[in-house]
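J.: Next up is a structure, given as structure tokens.
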Amino acid sequence: MKAVIMAGGEGTRLRPLTLGSPKPMLPLLGRPVLEHLIGLLKSHGVTDLIITLGHQPQAVMDFFGDGTDFGVQLTYMLEEEPLGTAGSVAHCGANLGGEDFLVLSGDCVCDLDLGRLAAFHRERSAIATLALTRHQAPLEYGMVVTRPDGRVERFVEKPAWGQVVSDLVNTGIYVLSPAALERAPKGRAWDFGRDLFPALLAEDAPLYGCPLEGYWRDMGDCGDYLGCVCDALGGKVKLDPGLPLRAPGIWADQPVPEGVALVPPCWIAPQVRLEPGCLIGPHVVLDRGAWVGEKAMVQRSVLLEGAGVGPHATLYGAILDRNSTARRGAVLNEGAVLGENALAEEGAQLLERVKLWPGQRAESGCRLTRSVTSGSQKGSLRFGDGGTIQGVLGEDLGPEALLTLGSILGTEGPVGLGCSNTPAGRMLARAAAAGISAAGGVSRTGELDCPVQWAWAAGKEKLAITLFVEAEGEGPVYLHFFDSRGLPPDRVWERKLEHAMAQGELRRVRAGRVTEPQRLELSVRLWAETVAHQAALGRPFLRRPTVGVGRDTPEDRALGLVLKALGCQVEDQWRPGIPAFSAGHGGFRLTAQDEKGVLLDSGQLLTLVTLIEMENGGGKVAVPPGGSAAVDLVAAGYGGTVLRLDRNGEEARGLYASLPWLWAAPSAAARICARMGTSGQKLEALMAKTPRFHAWRREVPLLSDRGRVMQALAGDRARPGSGEGLRVRTGNGWVYLTPLARRQALRILAEGPDLELAAELCDFFAQRAIQADRENCAQSTQGEAKN
């Protein structure tokens with residue numbers, strides 16, 4: 001059997017380590033990662049290898065040559081332009097001999113049984129077989145759900161916590177038949193995960209997944225690289241250390257000098273200089289020519305060739321690339337990285353995950369909180385549970401981060417850019433606009449000052465991406481993003497943005513391509529009239545509804561404008577006999593009081609809007625993953641259909657975007673008021689027609705892994721379920737469980753025909769979650785004790 005090793009990626013997430021060499025050439029215990037992978041294939045009798053190259057190909061070819069020195073035969077295939085993972089392998093077709101073959105990523109570290117994978121493939125007569133491994137937190141991987149016989153049922157690419165119903169992830173190692181690649185189109189990019197495997201699944205072709213025991217880790221970023229090093233030292237992966245074992249857990253080319261304290265495991269290459277009083281280990285790799293000064297402490301760190309640590313310096317969880325130096329008294333914390341020839345001067349402190357790009361310098365005595373890339377600094381922003389990014393101005397969010405963010409967005413096409421009408425909002429928006437211009441992009445601004453208004457603008461103008469900076473008062477700052485349909489972008493896009501921000505590189509163009517912001521001719525009045533017109537039911541009012549709407553927030557003021565445009569009489573507040581509406585969360589969550597003052601939450605109002613849609617002949621709605629089960633009951637009563645965004649993919653997103661009253665508070669309020677006006681009914685009477693479902697919510701803090709708790713709760717429901725979170729039907733009630741993204745906790749929403757049943761269901765599943773959490777903690781403790 002032949003094998004194809006994909007080694008053409010740029011390794012952007014591993015920067016600055018990959019700025020000077022390709023990712024597969026990063027050293028692991030003194031040898032390139034790719035050399036360890038070639039050794040694994042050789043141990044399984046696979047010696048005829050094809051390596052696909054793209055980024056810095058000469059470095060790989062110069063080192064490995066024709067493969068003779070490594071006991072294999074190597075053929076190189078160079079990509080003139082990116083063809084995607086499947087496309088690059090299909091490009092090798094003429095060299096594969098028409099037989100089944102292995103495919104591996106050139107940047108993974110593993111000791112999996114590839115023979116077992118090939119045998120499984122033959123036993124199933126599969127067209128493609130994926131090597132699967134178990135991972136407790138598969139958020140950064142492709143999760144695979146299979147039947148008991150291994151046949152693949154579905155894929156979840158980089159799942160959110162709420163989608164973790166299996167712990168099997170795709171390793172990027174496959175056995176393929178030649179027929180699998182016949183589907184790859186000529187001359188354009190084609191990926192395994194995004195294109196080929198979904199196509200095979202749609203055809204019901206024999207696509208299988210084979211769980212394998214052993215070690216596997218994707219060397220995706222600097223943290224993963226350090227993790228691979230520590231796992232190799234700890235014996236979790238079977239690799240040849242290549243050095244004599246001088247003492248338990250100590251591999252060294254020469255005897256260790258006196259006066260040096262070593263805590264195993266450590267790996268010390270030739271020509272390393274260790275001065276008296278230094279403390280090395282545990283989990284330290286010192287590559288050829290590295291040096292550590294007197295009374296320095298280096299723990300859980302990697303010093304590559306020629307890197308040095310001065311006297312009294314402290315490193316924990318750091319990586320020093322070739323010929324970089326941390327001078328006397330410098331402190332490098334977890335995740336800190338010095339690029340090639342970078343310098344942390346005397347007494348400099350690099351906080352967690354701070355990186356110096358090659359040749360950059362941290363000044364003496366400085367305290368760096370952000371990375372330095374060619375003189376600029378980066379921000380570190382991550383999406384939360386609501387699809388927005390939250391930060392605190394002056395702490396984890398500032399103009400530097402918005403400048404970098406703008407430069408990334410500026411490469412995607414026209415960027416809508418709005419902000420709160422506050423000094424902080426305008427300042428941050430100006431920073432984002434500067435980044436967009438610096439990248440050669442075009443920002444489009446306007447007078448709209450509320451997130452929900454900019455969602456409408458994004459869809460109307462078909463903007464590639466839209467950013468709204470919400471900064472009100474002294475509270476948190478929220479960054480809202482919308483795609484060309486006005487919806488929050490999907491999870492894949494969010495992850496791409498997070499990874500790009502983590503690199504911290506400013507995208508720049510030459511002076512002739514720098515742009516000026518453009519003004520969108522969209523007024524608040526036009527927005528309000530358009531929303532009111534879309535939500536109207538096309539029939540004259542029997543009576544003009546009188547409603548209460550506050551004016552304290554931009555969202556409520558916007559809501560009031562829409563209802564006035566609809567023809568409602570709008571008062572400033574609720575009073576007996578009239579309903580009142582309020583918008584929150586940027587204008588995307590509607591709450592209300594009926595004529596008697598009964599509070600109605602967003603779930604109840606979504607059920608009412610669904611009822612109106614069904615009565616109006618719509619027949620089909622799309623709702624978020626946690627949408628009330630009452631929506632399903634309403635639709636069922638009319639023979640209608642309910643799609644869920646996490647379950648029904650693009651069809652659901654398209655329908656959702658076309659029905660803004662399902663997700664935008666002003667549109668929903670206008671739709672309800674239009675129904676009140678055309679029917680002459682009160683809000684109280686309309687709500688009486690919806691199912692009486694009561695909800696009870698609870699959050700359960702967790703000590704163990706969220707994914708494992710979800711898997712325990714899913715049980716046999718893992719296979720038929722899909723999407724984000726877990727929905728459970730139990731008797732007359734429903735329970736929706738989803739892990740939180742920002743906190744180690746599980747959110748439980750229970751619904752039932754009465755509040756007592758909803759509370760009982762909520763408490764029951766909370767106790768199950770607590771028990772699963774305890775069992776996971778106990779298993780982890782036992783595992784640590786054995787190790």
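Convention: chains lettered A, B, ... in structure tokens order; per-chain residue numbering from 1; ligands numbered from 1 as shown.
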Identify, on the basis of only C-alpha atoms, every residue whose closest approach to stretch 207-222 of chain A does not exceed 7 Å; exclude the query and any residue fewer than 3 positions from it along the same chain; express the result as a count of residues only.
T.: 29
J.: From a DSSP calculation on the backbone, collect every residue of stretch 439-528 of chain A in alpha helix (DSSP H) and output the set as a list in words.
T.: Pro451, Val452, Gln453, Trp454, Ala455, Trp456, Ala457, Ala458, Gly459, Lys460, Glu461, Arg491, Val492, Trp493, Glu494, Arg495, Lys496, Leu497, Glu498, His499, Ala500, Met501, Ala502, Gln503, Val524, Arg525, Leu526, Trp527 and Ala528 of chain A
J.: Looking at A:Glu571, A:Glu153, A:Val415, A:Ala528, which one is nearest to A:Pro198, with distances taken over only C-alpha atoms?
T.: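 When distances to A:Pro198 are compared using only C-alpha atoms, the smallest one comes from A:Glu153.
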J.: List the spatial neighbours of stretch 764-771 of chain A as number ranges by chain - criterion: any atom at most 12 Å away, only C-alpha atoms, same-chain residues fewer than 3 positions off excluded.
T.: A: 696-715, 726-728, 730, 734-739, 745-750, 757-761, 774-778
J.: Name all residues at most 12 Å from A:Phe383 (count only C-alpha atoms; drop same-chain ones fewer than 3 positions away) and give them as a list in words.
T.: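 Once the adjacent positions are removed, what remains is Ala160, Ser380, Gly386, Gly387, Thr388, Ile389, Gln390, Gly391, Tyr478, Leu479, His480, Phe481, Pro488, Pro489, Asp490, Arg491, Val492, Trp493, Glu494, Arg495, Lys496, Leu497, Glu498, His499, Met501, Leu740, Ala741 and Arg742 of chain A.
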J.: Stretch 21-92 of chain A: which residues are strand (DSSP E) by DSSP, as JSON, numbers by chain?
T.: {"A": [27, 28, 31, 32, 48, 49, 50, 51, 52, 53, 73, 74, 75, 76, 77, 78]}
J.: Write out as a ChimeraX atom specification which residues come within 12 Å of stretch 458-464 of chain A when counting only C-alpha atoms, dropping same-chain ones fewer than 3 positions away.
T.: /A:409-418,441-446,448,451-455,467-468,480-489,520-522,526-527,530-531,654,657-658,660
